[in-house]
file upload-v4.txt (compact mmCIF, C-alpha atoms)
# COMPACT_ATOMS: atom_id res chain seq x y z
CA MET A 1 45.13 6.31 -44.94
CA VAL A 2 48.51 8.05 -44.90
CA PHE A 3 49.08 10.91 -47.37
CA LEU A 4 52.80 11.29 -48.00
CA ALA A 5 54.38 14.49 -49.27
CA GLY A 6 56.06 14.47 -52.64
CA VAL A 7 59.74 13.53 -52.44
CA ILE A 8 62.34 14.35 -55.05
CA SER A 9 65.07 12.01 -56.27
CA ILE A 10 68.03 12.08 -53.87
CA ASN A 11 70.91 9.64 -53.61
CA ALA A 12 73.43 9.74 -50.74
CA GLY A 13 72.32 13.27 -49.88
CA GLU A 14 72.72 14.61 -53.43
CA VAL A 15 69.74 15.58 -55.57
CA ILE A 16 69.58 13.53 -58.79
CA THR A 17 68.96 16.36 -61.24
CA GLY A 18 68.34 16.82 -64.93
CA THR A 19 65.84 16.26 -67.68
CA VAL A 20 64.96 13.00 -69.42
CA GLY A 21 65.42 13.52 -73.14
CA ALA A 22 67.99 16.29 -72.61
CA GLY A 23 71.06 14.69 -71.08
CA ARG A 24 69.30 12.04 -69.00
CA THR A 25 68.14 8.62 -70.20
CA ILE A 26 65.07 6.57 -69.32
CA GLU A 27 67.34 4.23 -67.34
CA GLU A 28 68.65 7.14 -65.26
CA GLY A 29 65.08 8.26 -64.73
CA TYR A 30 64.12 4.74 -63.64
CA ALA A 31 66.94 4.76 -61.07
CA ALA A 32 65.83 8.19 -59.84
CA ALA A 33 62.23 6.97 -59.42
CA ARG A 34 63.52 3.99 -57.47
CA ALA A 35 65.48 6.39 -55.24
CA CYS A 36 62.27 8.36 -54.59
CA ALA A 37 60.45 5.16 -53.64
CA ILE A 38 63.23 4.17 -51.24
CA SER A 39 62.97 7.61 -49.60
CA GLN A 40 59.21 7.23 -49.25
CA LEU A 41 59.64 3.81 -47.63
CA ALA A 42 62.15 5.35 -45.21
CA VAL A 43 59.62 8.07 -44.32
CA LEU A 44 56.92 5.44 -43.82
CA ALA A 45 59.15 3.17 -41.72
CA SER A 46 60.19 6.09 -39.52
CA HIS A 47 56.57 7.30 -39.20
CA LEU A 48 55.02 3.87 -38.53
CA GLY A 49 57.90 2.20 -36.68
CA SER A 50 58.00 -0.56 -39.27
CA LEU A 51 56.84 -1.28 -42.82
CA ASP A 52 54.81 -4.22 -41.45
CA ALA A 53 52.01 -1.74 -40.74
CA VAL A 54 51.55 -1.06 -44.48
CA LYS A 55 48.38 -2.74 -45.70
CA ASN A 56 48.39 -1.46 -49.26
CA ILE A 57 50.04 1.08 -51.55
CA VAL A 58 46.98 2.94 -52.86
CA THR A 59 48.11 5.71 -55.20
CA VAL A 60 51.38 6.84 -56.74
CA ASN A 61 51.65 10.14 -58.62
CA GLY A 62 54.92 10.30 -60.52
CA TYR A 63 56.33 13.43 -62.10
CA VAL A 64 59.20 13.20 -64.56
CA ASN A 65 61.34 16.22 -65.45
CA ALA A 66 61.23 15.68 -69.21
CA VAL A 67 61.37 17.44 -72.55
CA ALA A 68 58.10 18.38 -74.23
CA GLY A 69 56.56 15.41 -76.01
CA PHE A 70 58.45 12.78 -73.98
CA PRO A 71 56.19 9.71 -74.30
CA ASP A 72 57.78 7.29 -71.81
CA SER A 73 57.12 8.67 -68.32
CA PRO A 74 55.54 5.29 -67.35
CA LYS A 75 58.86 3.54 -68.07
CA VAL A 76 60.55 6.01 -65.70
CA ILE A 77 57.98 5.75 -62.90
CA ASN A 78 58.20 1.95 -63.12
CA GLY A 79 61.37 2.47 -61.07
CA ALA A 80 59.12 3.26 -58.10
CA SER A 81 56.28 0.89 -58.93
CA ASP A 82 58.59 -2.10 -59.40
CA LEU A 83 60.17 -1.46 -56.00
CA PHE A 84 56.79 -1.35 -54.24
CA VAL A 85 55.84 -4.69 -55.78
CA GLU A 86 59.25 -6.18 -54.85
CA VAL A 87 58.75 -5.07 -51.25
CA PHE A 88 55.02 -5.65 -50.71
CA GLY A 89 54.03 -8.12 -53.44
CA ASP A 90 50.42 -7.71 -54.57
CA ALA A 91 49.83 -5.18 -51.77
CA GLY A 92 52.39 -3.00 -53.55
CA ARG A 93 50.18 -2.62 -56.65
CA HIS A 94 48.59 0.82 -56.95
CA ALA A 95 46.62 3.30 -59.04
CA ARG A 96 49.14 5.50 -60.77
CA THR A 97 49.72 8.58 -62.89
CA ALA A 98 52.99 9.29 -64.68
CA ILE A 99 53.24 12.82 -66.03
CA GLY A 100 56.02 14.72 -67.76
CA VAL A 101 56.68 18.19 -66.32
CA PRO A 102 59.17 20.94 -67.18
CA ALA A 103 60.26 21.90 -63.67
CA LEU A 104 60.69 20.06 -60.37
CA PRO A 105 62.06 21.36 -57.06
CA ARG A 106 65.87 21.71 -57.02
CA ASN A 107 65.86 20.60 -60.67
CA ALA A 108 65.18 17.02 -59.54
CA LEU A 109 64.81 14.37 -62.23
CA VAL A 110 61.78 12.69 -60.61
CA GLU A 111 59.23 13.37 -57.85
CA ILE A 112 56.89 10.79 -56.31
CA GLN A 113 53.85 11.53 -54.18
CA MET A 114 51.80 8.67 -52.74
CA THR A 115 48.98 7.45 -50.52
CA VAL A 116 49.22 4.35 -48.37
CA GLU A 117 46.64 2.37 -46.44
CA ILE A 118 47.75 1.22 -42.98
CA MET B 1 36.53 5.33 -51.91
CA VAL B 2 37.95 3.97 -55.17
CA PHE B 3 41.20 5.52 -56.44
CA LEU B 4 41.43 5.00 -60.20
CA ALA B 5 44.69 5.08 -62.11
CA GLY B 6 45.22 7.76 -64.69
CA VAL B 7 43.99 6.75 -68.14
CA ILE B 8 45.13 8.31 -71.38
CA SER B 9 42.91 9.19 -74.32
CA ILE B 10 42.28 6.11 -76.46
CA ASN B 11 39.64 5.59 -79.11
CA ALA B 12 38.98 2.19 -80.70
CA GLY B 13 42.33 0.93 -79.47
CA GLU B 14 44.33 3.86 -80.88
CA VAL B 15 45.91 6.50 -78.65
CA ILE B 16 44.55 9.98 -79.39
CA THR B 17 47.86 11.85 -79.54
CA GLY B 18 49.10 15.39 -79.99
CA THR B 19 49.27 18.78 -78.37
CA VAL B 20 46.50 21.35 -78.00
CA GLY B 21 47.73 24.59 -79.51
CA ALA B 22 50.15 22.80 -81.85
CA GLY B 23 48.05 20.85 -84.32
CA ARG B 24 45.17 19.96 -82.01
CA THR B 25 42.16 22.12 -81.19
CA ILE B 26 40.21 22.58 -77.97
CA GLU B 27 37.36 20.59 -79.56
CA GLU B 28 39.68 17.66 -80.28
CA GLY B 29 40.92 17.92 -76.70
CA TYR B 30 37.35 17.90 -75.43
CA ALA B 31 36.64 14.71 -77.40
CA ALA B 32 39.84 13.15 -76.02
CA ALA B 33 38.83 14.01 -72.44
CA ARG B 34 35.42 12.45 -73.09
CA ALA B 35 37.17 9.31 -74.36
CA CYS B 36 39.20 9.18 -71.12
CA ALA B 37 36.01 9.47 -69.07
CA ILE B 38 34.38 6.65 -71.02
CA SER B 39 37.42 4.45 -70.36
CA GLN B 40 37.25 5.25 -66.65
CA LEU B 41 33.55 4.33 -66.56
CA ALA B 42 34.39 1.05 -68.28
CA VAL B 43 37.06 0.34 -65.65
CA LEU B 44 34.59 1.18 -62.88
CA ALA B 45 31.80 -0.94 -64.38
CA SER B 46 34.13 -3.88 -64.77
CA HIS B 47 35.50 -3.45 -61.23
CA LEU B 48 32.13 -2.92 -59.52
CA GLY B 49 29.92 -5.10 -61.72
CA SER B 50 27.74 -2.10 -62.53
CA LEU B 51 27.82 1.69 -62.42
CA ASP B 52 24.82 1.58 -60.05
CA ALA B 53 27.29 1.18 -57.19
CA VAL B 54 28.73 4.65 -57.84
CA LYS B 55 27.56 7.05 -55.12
CA ASN B 56 29.52 10.11 -56.16
CA ILE B 57 32.36 11.26 -58.43
CA VAL B 58 34.66 12.93 -55.89
CA THR B 59 37.76 14.24 -57.69
CA VAL B 60 38.92 14.51 -61.28
CA ASN B 61 42.51 15.50 -62.12
CA GLY B 62 42.81 16.34 -65.78
CA TYR B 63 46.10 16.77 -67.63
CA VAL B 64 46.14 18.33 -71.09
CA ASN B 65 49.11 17.94 -73.44
CA ALA B 66 49.36 21.61 -74.38
CA VAL B 67 51.73 24.33 -75.50
CA ALA B 68 53.23 26.62 -72.86
CA GLY B 69 50.78 29.34 -71.85
CA PHE B 70 47.67 27.47 -73.04
CA PRO B 71 44.90 29.04 -70.92
CA ASP B 72 41.93 26.78 -71.70
CA SER B 73 42.62 23.41 -70.10
CA PRO B 74 39.24 23.65 -68.27
CA LYS B 75 37.43 23.76 -71.64
CA VAL B 76 39.25 20.56 -72.61
CA ILE B 77 38.64 18.71 -69.35
CA ASN B 78 34.94 19.64 -69.58
CA GLY B 79 34.80 16.75 -72.05
CA ALA B 80 35.15 14.42 -69.05
CA SER B 81 33.21 16.50 -66.52
CA ASP B 82 30.22 16.92 -68.83
CA LEU B 83 30.05 13.17 -69.39
CA PHE B 84 30.04 12.42 -65.66
CA VAL B 85 27.15 14.85 -65.13
CA GLU B 86 25.27 13.35 -68.12
CA VAL B 87 25.66 9.87 -66.63
CA PHE B 88 25.27 10.52 -62.89
CA GLY B 89 23.46 13.88 -62.69
CA ASP B 90 24.34 15.86 -59.54
CA ALA B 91 26.30 12.87 -58.22
CA GLY B 92 28.60 13.35 -61.22
CA ARG B 93 29.76 16.79 -59.99
CA HIS B 94 33.27 16.77 -58.59
CA ALA B 95 36.28 18.74 -57.33
CA ARG B 96 38.60 19.20 -60.26
CA THR B 97 41.98 20.37 -61.45
CA ALA B 98 42.79 21.00 -65.11
CA ILE B 99 46.49 21.45 -65.78
CA GLY B 100 48.50 21.89 -68.98
CA VAL B 101 51.56 19.63 -69.24
CA PRO B 102 54.24 19.17 -71.91
CA ALA B 103 54.38 15.38 -71.95
CA LEU B 104 51.89 12.55 -71.41
CA PRO B 105 52.41 8.79 -71.78
CA ARG B 106 52.48 7.62 -75.42
CA ASN B 107 52.12 11.28 -76.46
CA ALA B 108 48.45 11.16 -75.44
CA LEU B 109 46.41 14.36 -75.81
CA VAL B 110 44.67 14.02 -72.42
CA GLU B 111 44.96 12.01 -69.20
CA ILE B 112 42.30 11.75 -66.50
CA GLN B 113 42.82 10.44 -62.96
CA MET B 114 39.89 10.26 -60.56
CA THR B 115 38.45 9.23 -57.20
CA VAL B 116 34.98 7.80 -56.79
CA GLU B 117 32.84 7.14 -53.73
CA ILE B 118 30.96 3.84 -53.78
CA MET C 1 37.57 14.43 -45.62
CA VAL C 2 36.79 17.37 -47.92
CA PHE C 3 38.30 17.36 -51.40
CA LEU C 4 38.55 20.91 -52.69
CA ALA C 5 38.75 21.79 -56.37
CA GLY C 6 41.87 23.48 -57.67
CA VAL C 7 41.66 27.28 -57.45
CA ILE C 8 43.75 29.66 -59.48
CA SER C 9 45.37 32.85 -58.19
CA ILE C 10 42.83 35.70 -58.17
CA ASN C 11 43.05 39.04 -56.39
CA ALA C 12 40.10 41.44 -56.17
CA GLY C 13 38.38 39.61 -59.01
CA GLU C 14 41.37 39.74 -61.37
CA VAL C 15 43.38 36.65 -62.28
CA ILE C 16 47.04 36.98 -61.24
CA THR C 17 48.65 35.79 -64.47
CA GLY C 18 52.11 35.14 -65.83
CA THR C 19 55.08 32.84 -65.58
CA VAL C 20 57.71 32.70 -62.84
CA GLY C 21 61.10 33.10 -64.50
CA ALA C 22 59.65 35.00 -67.46
CA GLY C 23 58.39 38.33 -66.14
CA ARG C 24 57.27 37.13 -62.70
CA THR C 25 59.44 36.74 -59.60
CA ILE C 26 59.38 34.17 -56.81
CA GLU C 27 57.95 36.86 -54.52
CA GLU C 28 55.07 37.51 -56.91
CA GLY C 29 54.51 33.77 -57.09
CA TYR C 30 54.52 33.57 -53.28
CA ALA C 31 51.84 36.29 -53.14
CA ALA C 32 49.79 34.45 -55.78
CA ALA C 33 49.99 31.20 -53.81
CA ARG C 34 48.85 33.07 -50.70
CA ALA C 35 45.91 34.44 -52.71
CA CYS C 36 44.97 30.88 -53.74
CA ALA C 37 45.09 29.78 -50.09
CA ILE C 38 42.83 32.66 -49.04
CA SER C 39 40.34 31.66 -51.75
CA GLN C 40 40.39 28.07 -50.54
CA LEU C 41 39.74 29.18 -46.96
CA ALA C 42 36.81 31.27 -48.22
CA VAL C 43 35.40 28.21 -50.01
CA LEU C 44 35.85 26.13 -46.85
CA ALA C 45 34.29 28.76 -44.58
CA SER C 46 31.31 29.11 -46.89
CA HIS C 47 30.92 25.33 -47.20
CA LEU C 48 31.34 24.54 -43.48
CA GLY C 49 29.82 27.67 -41.98
CA SER C 50 33.07 28.40 -40.16
CA LEU C 51 36.74 27.47 -40.25
CA ASP C 52 36.38 26.11 -36.69
CA ALA C 53 35.23 22.85 -38.25
CA VAL C 54 38.64 22.28 -39.87
CA LYS C 55 40.52 19.56 -37.99
CA ASN C 56 43.59 19.34 -40.22
CA ILE C 57 44.96 20.43 -43.59
CA VAL C 58 45.92 17.06 -45.08
CA THR C 59 47.33 17.61 -48.58
CA VAL C 60 48.24 20.59 -50.73
CA ASN C 61 49.11 20.18 -54.41
CA GLY C 62 50.64 23.35 -55.76
CA TYR C 63 51.19 24.08 -59.44
CA VAL C 64 53.41 26.97 -60.49
CA ASN C 65 53.28 28.44 -64.00
CA ALA C 66 57.03 28.48 -64.56
CA VAL C 67 59.74 28.29 -67.18
CA ALA C 68 61.34 24.92 -67.89
CA GLY C 69 63.96 24.07 -65.30
CA PHE C 70 62.62 26.45 -62.62
CA PRO C 71 63.93 24.89 -59.39
CA ASP C 72 62.09 26.92 -56.73
CA SER C 73 58.42 25.95 -56.90
CA PRO C 74 58.54 25.10 -53.16
CA LYS C 75 59.45 28.74 -52.37
CA VAL C 76 56.39 29.84 -54.35
CA ILE C 77 53.98 27.34 -52.80
CA ASN C 78 55.21 28.38 -49.34
CA GLY C 79 52.87 31.34 -49.87
CA ALA C 80 49.98 28.94 -49.33
CA SER C 81 51.64 26.67 -46.77
CA ASP C 82 52.73 29.56 -44.56
CA LEU C 83 49.19 30.93 -44.51
CA PHE C 84 47.72 27.59 -43.44
CA VAL C 85 50.19 27.40 -40.55
CA GLU C 86 49.46 31.03 -39.57
CA VAL C 87 45.73 30.27 -39.48
CA PHE C 88 45.65 26.73 -38.05
CA GLY C 89 49.01 26.34 -36.31
CA ASP C 90 50.24 22.74 -36.28
CA ALA C 91 46.92 21.59 -37.75
CA GLY C 92 47.83 23.63 -40.82
CA ARG C 93 50.86 21.45 -41.61
CA HIS C 94 50.31 19.15 -44.59
CA ALA C 95 51.77 16.72 -47.11
CA ARG C 96 52.64 18.73 -50.18
CA THR C 97 53.77 18.64 -53.78
CA ALA C 98 55.06 21.73 -55.61
CA ILE C 99 55.35 21.25 -59.35
CA GLY C 100 56.28 23.59 -62.20
CA VAL C 101 53.90 23.48 -65.17
CA PRO C 102 53.79 25.34 -68.49
CA ALA C 103 50.09 26.14 -68.60
CA LEU C 104 47.40 26.92 -66.03
CA PRO C 105 43.77 27.93 -66.58
CA ARG C 106 43.36 31.57 -67.66
CA ASN C 107 47.16 31.87 -67.67
CA ALA C 108 47.12 31.95 -63.85
CA LEU C 109 50.46 32.17 -62.05
CA VAL C 110 49.58 29.55 -59.41
CA GLU C 111 46.94 26.87 -58.75
CA ILE C 112 46.34 25.13 -55.42
CA GLN C 113 44.32 21.96 -54.88
CA MET C 114 43.87 20.55 -51.39
CA THR C 115 42.30 18.03 -49.05
CA VAL C 116 41.07 18.90 -45.58
CA GLU C 117 39.94 16.77 -42.65
CA ILE C 118 36.88 18.05 -40.81
call {"tool": "encode", "arguments": {"input": "upload-v4.txt", "output": "structure tokens"}}
result
Amino acid sequence: MVFLAGVISINAGEVITGTVGAGRTIEEGYAAARACAISQLAVLASHLGSLDAVKNIVTVNGYVNAVAGFPDSPKVINGASDLFVEVFGDAGRHARTAIGVPALPRNALVEIQMTVEI
Amino acid sequence: MVFLAGVISINAGEVITGTVGAGRTIEEGYAAARACAISQLAVLASHLGSLDAVKNIVTVNGYVNAVAGFPDSPKVINGASDLFVEVFGDAGRHARTAIGVPALPRNALVEIQMTVEI
Amino acid sequence: MVFLAGVISINAGEVITGTVGAGRTIEEGYAAARACAISQLAVLASHLGSLDAVKNIVTVNGYVNAVAGFPDSPKVINGASDLFVEVFGDAGRHARTAIGVPALPRNALVEIQMTVEI
């Protein structure tokens, strides 16, 4: 089992910042979650040599920088979940939480933490 | 080890919504946490065939939709913890977090994510 | 693998309370995170007989009671991470999340939950 650190949403070296429901849309959140997932796959590939060693995505904990009462964090975190299923098929399915929070590191829009079986 | 996805508070097919400290009481939160725990047991029973296969509840992460500064998330998440001890006795004891958050999926009052040893 | 419950920031029997960004500084948060880490080591030492049995700190989930938009939860949770590295050296390095939340038990400033390999 590999326990990966949380990664924040970064694209081309720039943090994707902001708050869903206050200037950021669900679609932008979805793209940010996808960016987190791509970063995690890069960490995994670098750590394992190749993604072929991944047996199963086990857990994904997704945190969305969102306004109070935002009800759609699952739609945002789908940006990560969909990517894992695209890449790994059924082995990309996972147990998940999707939580709205008021503050992420560097004002990131999304953070993803995950556990992978190798 | 079985890693269960987070489940939100649902009763008879309806999401139990709201915010503790803003229209919802600790007691209502407790009942919502208990509803989450019942859902998790149903998932486990369906996955394992029977709850007899459960050796130990290992971790419970409880998230309470609450106002800023709400100090009593443990009293809310006790609704889940108490149920696990009722059902499994000492094997129902677990390592826990109980965190207040501003936003849960579908505006749910409580979400519970857990890990179980089988 | 040992799954430890979340512990809140306590010093000499008193909860270290408050909110970073609203009356509490990053430095006070750092000290609170360090206090959480010390409590966790005390739990571990009491559970295992000695800290010599610790092979590796695996995961640390840090929650900071913070105002919305607070970008520096990693600087706060470093109070725990730095201590683990001081005590265990390389074996103290871990996969981490550092999240800002609006509400912790007993209005604590910081909560740390962790997993340890023995």
call {"tool": "interface_residues", "arguments": {"input": "upload-v4.txt", "of": "chain B", "to": "chain C", "cutoff": "9 Å", "atoms": "all atoms listed in the file", "output": "count of residues only"}}
result
21
call {"tool": "residues_around", "arguments": {"input": "upload-v4.txt", "residues": "Ser81 in chain C", "least_positions_apart": "4", "cutoff": "10 Å", "atoms": "all atoms listed in the file", "output": "short mmCIF file (atom, residue, chain, number, x, y, z; two decimals) with C-alpha atoms, in the frame of the given file"}}
result
data_model
loop_
_atom_site.label_atom_id
_atom_site.label_comp_id
_atom_site.auth_asym_id
_atom_site.auth_seq_id
_atom_site.Cartn_x
_atom_site.Cartn_y
_atom_site.Cartn_z
CA TYR C 30 54.52 33.57 -53.28
CA ALA C 33 49.99 31.20 -53.81
CA ARG C 34 48.85 33.07 -50.70
CA ALA C 37 45.09 29.78 -50.09
CA ILE C 57 44.96 20.43 -43.59
CA VAL C 60 48.24 20.59 -50.73
CA GLY C 62 50.64 23.35 -55.76
CA PRO C 74 58.54 25.10 -53.16
CA LYS C 75 59.45 28.74 -52.37
CA VAL C 76 56.39 29.84 -54.35
CA ILE C 77 53.98 27.34 -52.80
CA VAL C 85 50.19 27.40 -40.55
CA GLU C 86 49.46 31.03 -39.57
CA GLY C 92 47.83 23.63 -40.82
CA ARG C 93 50.86 21.45 -41.61
CA HIS C 94 50.31 19.15 -44.59
CA ALA C 95 51.77 16.72 -47.11
CA ARG C 96 52.64 18.73 -50.18
#
call {"tool": "atom_distance", "arguments": {"input": "upload-v4.txt", "atom1": "CA of Phe88 in chain C", "atom2": "CA of Lys55 in chain C"}}
result
8.8 Å
call {"tool": "calpha_fit_and_write", "arguments": {"input": "upload-v4.txt", "fixed": "chain B", "moving": "chain C", "output": "mmCIF file with C-alpha atoms, in the frame of the given file"}}
result
data_model
loop_
_atom_site.group_PDB
_atom_site.id
_atom_site.type_symbol
_atom_site.label_atom_id
_atom_site.label_comp_id
_atom_site.auth_asym_id
_atom_site.auth_seq_id
_atom_site.Cartn_x
_atom_site.Cartn_y
_atom_site.Cartn_z
ATOM 1 C CA MET C 1 36.509 5.346 -51.902
ATOM 2 C CA VAL C 2 37.958 3.986 -55.157
ATOM 3 C CA PHE C 3 41.186 5.507 -56.444
ATOM 4 C CA LEU C 4 41.423 5.011 -60.190
ATOM 5 C CA ALA C 5 44.692 5.065 -62.105
ATOM 6 C CA GLY C 6 45.244 7.769 -64.686
ATOM 7 C CA VAL C 7 43.998 6.751 -68.142
ATOM 8 C CA ILE C 8 45.134 8.311 -71.372
ATOM 9 C CA SER C 9 42.898 9.197 -74.318
ATOM 10 C CA ILE C 10 42.276 6.108 -76.473
ATOM 11 C CA ASN C 11 39.632 5.588 -79.139
ATOM 12 C CA ALA C 12 38.972 2.192 -80.733
ATOM 13 C CA GLY C 13 42.324 0.938 -79.484
ATOM 14 C CA GLU C 14 44.333 3.861 -80.880
ATOM 15 C CA VAL C 15 45.912 6.495 -78.647
ATOM 16 C CA ILE C 16 44.559 9.987 -79.395
ATOM 17 C CA THR C 17 47.866 11.854 -79.525
ATOM 18 C CA GLY C 18 49.097 15.390 -79.999
ATOM 19 C CA THR C 19 49.277 18.779 -78.369
ATOM 20 C CA VAL C 20 46.499 21.343 -77.984
ATOM 21 C CA GLY C 21 47.733 24.591 -79.513
ATOM 22 C CA ALA C 22 50.150 22.806 -81.847
ATOM 23 C CA GLY C 23 48.056 20.849 -84.338
ATOM 24 C CA ARG C 24 45.173 19.967 -82.007
ATOM 25 C CA THR C 25 42.152 22.131 -81.192
ATOM 26 C CA ILE C 26 40.193 22.585 -77.975
ATOM 27 C CA GLU C 27 37.359 20.586 -79.555
ATOM 28 C CA GLU C 28 39.679 17.664 -80.268
ATOM 29 C CA GLY C 29 40.926 17.916 -76.702
ATOM 30 C CA TYR C 30 37.329 17.921 -75.429
ATOM 31 C CA ALA C 31 36.638 14.721 -77.400
ATOM 32 C CA ALA C 32 39.825 13.144 -76.018
ATOM 33 C CA ALA C 33 38.821 14.007 -72.450
ATOM 34 C CA ARG C 34 35.407 12.455 -73.086
ATOM 35 C CA ALA C 35 37.168 9.317 -74.353
ATOM 36 C CA CYS C 36 39.207 9.170 -71.122
ATOM 37 C CA ALA C 37 36.005 9.476 -69.073
ATOM 38 C CA ILE C 38 34.367 6.641 -71.018
ATOM 39 C CA SER C 39 37.421 4.456 -70.355
ATOM 40 C CA GLN C 40 37.250 5.255 -66.655
ATOM 41 C CA LEU C 41 33.560 4.338 -66.543
ATOM 42 C CA ALA C 42 34.403 1.046 -68.273
ATOM 43 C CA VAL C 43 37.066 0.343 -65.633
ATOM 44 C CA LEU C 44 34.580 1.187 -62.872
ATOM 45 C CA ALA C 45 31.791 -0.927 -64.375
ATOM 46 C CA SER C 46 34.125 -3.884 -64.764
ATOM 47 C CA HIS C 47 35.495 -3.455 -61.232
ATOM 48 C CA LEU C 48 32.118 -2.923 -59.514
ATOM 49 C CA GLY C 49 29.926 -5.094 -61.714
ATOM 50 C CA SER C 50 27.744 -2.098 -62.531
ATOM 51 C CA LEU C 51 27.820 1.687 -62.423
ATOM 52 C CA ASP C 52 24.811 1.580 -60.060
ATOM 53 C CA ALA C 53 27.290 1.172 -57.219
ATOM 54 C CA VAL C 54 28.752 4.645 -57.832
ATOM 55 C CA LYS C 55 27.565 7.038 -55.124
ATOM 56 C CA ASN C 56 29.540 10.112 -56.171
ATOM 57 C CA ILE C 57 32.369 11.261 -58.430
ATOM 58 C CA VAL C 58 34.658 12.936 -55.890
ATOM 59 C CA THR C 59 37.758 14.240 -57.687
ATOM 60 C CA VAL C 60 38.928 14.521 -61.276
ATOM 61 C CA ASN C 61 42.505 15.505 -62.117
ATOM 62 C CA GLY C 62 42.812 16.341 -65.781
ATOM 63 C CA TYR C 63 46.097 16.769 -67.626
ATOM 64 C CA VAL C 64 46.143 18.334 -71.080
ATOM 65 C CA ASN C 65 49.110 17.938 -73.433
ATOM 66 C CA ALA C 66 49.363 21.600 -74.383
ATOM 67 C CA VAL C 67 51.729 24.321 -75.497
ATOM 68 C CA ALA C 68 53.224 26.612 -72.863
ATOM 69 C CA GLY C 69 50.787 29.320 -71.854
ATOM 70 C CA PHE C 70 47.658 27.470 -73.050
ATOM 71 C CA PRO C 71 44.899 29.041 -70.929
ATOM 72 C CA ASP C 72 41.922 26.777 -71.703
ATOM 73 C CA SER C 73 42.620 23.401 -70.105
ATOM 74 C CA PRO C 74 39.262 23.652 -68.265
ATOM 75 C CA LYS C 75 37.433 23.755 -71.633
ATOM 76 C CA VAL C 76 39.249 20.556 -72.615
ATOM 77 C CA ILE C 77 38.630 18.715 -69.346
ATOM 78 C CA ASN C 78 34.937 19.652 -69.580
ATOM 79 C CA GLY C 79 34.797 16.741 -72.035
ATOM 80 C CA ALA C 80 35.153 14.423 -69.051
ATOM 81 C CA SER C 81 33.206 16.496 -66.527
ATOM 82 C CA ASP C 82 30.211 16.917 -68.823
ATOM 83 C CA LEU C 83 30.041 13.166 -69.381
ATOM 84 C CA PHE C 84 30.046 12.428 -65.651
ATOM 85 C CA VAL C 85 27.149 14.845 -65.144
ATOM 86 C CA GLU C 86 25.260 13.346 -68.119
ATOM 87 C CA VAL C 87 25.655 9.863 -66.632
ATOM 88 C CA PHE C 88 25.269 10.521 -62.891
ATOM 89 C CA GLY C 89 23.465 13.865 -62.703
ATOM 90 C CA ASP C 90 24.341 15.834 -59.568
ATOM 91 C CA ALA C 91 26.309 12.854 -58.243
ATOM 92 C CA GLY C 92 28.621 13.347 -61.214
ATOM 93 C CA ARG C 93 29.761 16.782 -60.005
ATOM 94 C CA HIS C 94 33.292 16.773 -58.590
ATOM 95 C CA ALA C 95 36.272 18.749 -57.325
ATOM 96 C CA ARG C 96 38.595 19.209 -60.260
ATOM 97 C CA THR C 97 41.988 20.378 -61.430
ATOM 98 C CA ALA C 98 42.794 21.002 -65.107
ATOM 99 C CA ILE C 99 46.490 21.435 -65.783
ATOM 100 C CA GLY C 100 48.507 21.881 -68.977
ATOM 101 C CA VAL C 101 51.556 19.616 -69.243
ATOM 102 C CA PRO C 102 54.232 19.154 -71.912
ATOM 103 C CA ALA C 103 54.385 15.370 -71.950
ATOM 104 C CA LEU C 104 51.903 12.544 -71.407
ATOM 105 C CA PRO C 105 52.414 8.789 -71.781
ATOM 106 C CA ARG C 106 52.473 7.626 -75.418
ATOM 107 C CA ASN C 107 52.124 11.275 -76.466
ATOM 108 C CA ALA C 108 48.444 11.170 -75.442
ATOM 109 C CA LEU C 109 46.415 14.364 -75.805
ATOM 110 C CA VAL C 110 44.673 14.029 -72.420
ATOM 111 C CA GLU C 111 44.973 12.013 -69.190
ATOM 112 C CA ILE C 112 42.307 11.756 -66.488
ATOM 113 C CA GLN C 113 42.812 10.452 -62.958
ATOM 114 C CA MET C 114 39.890 10.269 -60.550
ATOM 115 C CA THR C 115 38.458 9.243 -57.205
ATOM 116 C CA VAL C 116 34.981 7.812 -56.783
ATOM 117 C CA GLU C 117 32.844 7.125 -53.723
ATOM 118 C CA ILE C 118 30.950 3.839 -53.783
#
call {"tool": "closest_residue", "arguments": {"input": "upload-v4.txt", "among": "A:Val87, A:Ala53, A:Val64, A:Ile16", "to": "Ile38 in chain A", "atoms": "all atoms listed in the file"}}
result
A:Val87
call {"tool": "residues_around", "arguments": {"input": "upload-v4.txt", "residues": "Val54 in chain B", "least_positions_apart": "6", "cutoff": "10 Å", "atoms": "all atoms listed in the file", "output": "MDAnalysis selection string"}}
result
chainID B and resid 1:2 41 44:45 48 88 91:92 116:118
call {"tool": "atom_distance", "arguments": {"input": "upload-v4.txt", "atom1": "CA of Val110 in chain C", "atom2": "CA of Phe84 in chain C"}}
result
16.2 Å
call {"tool": "atom_distance", "arguments": {"input": "upload-v4.txt", "atom1": "CA of Leu51 in chain B", "atom2": "CA of Ser39 in chain B"}}
result
12.8 Å
call {"tool": "axis_aligned_box", "arguments": {"input": "upload-v4.txt", "around": "range 65-73 of chain A", "padding_each_side": "3 Å", "output": "JSON"}}
result
{"center_x": 58.8, "center_y": 12.8, "center_z": -70.7, "size_x": 11.2, "size_y": 17.1, "size_z": 16.6}
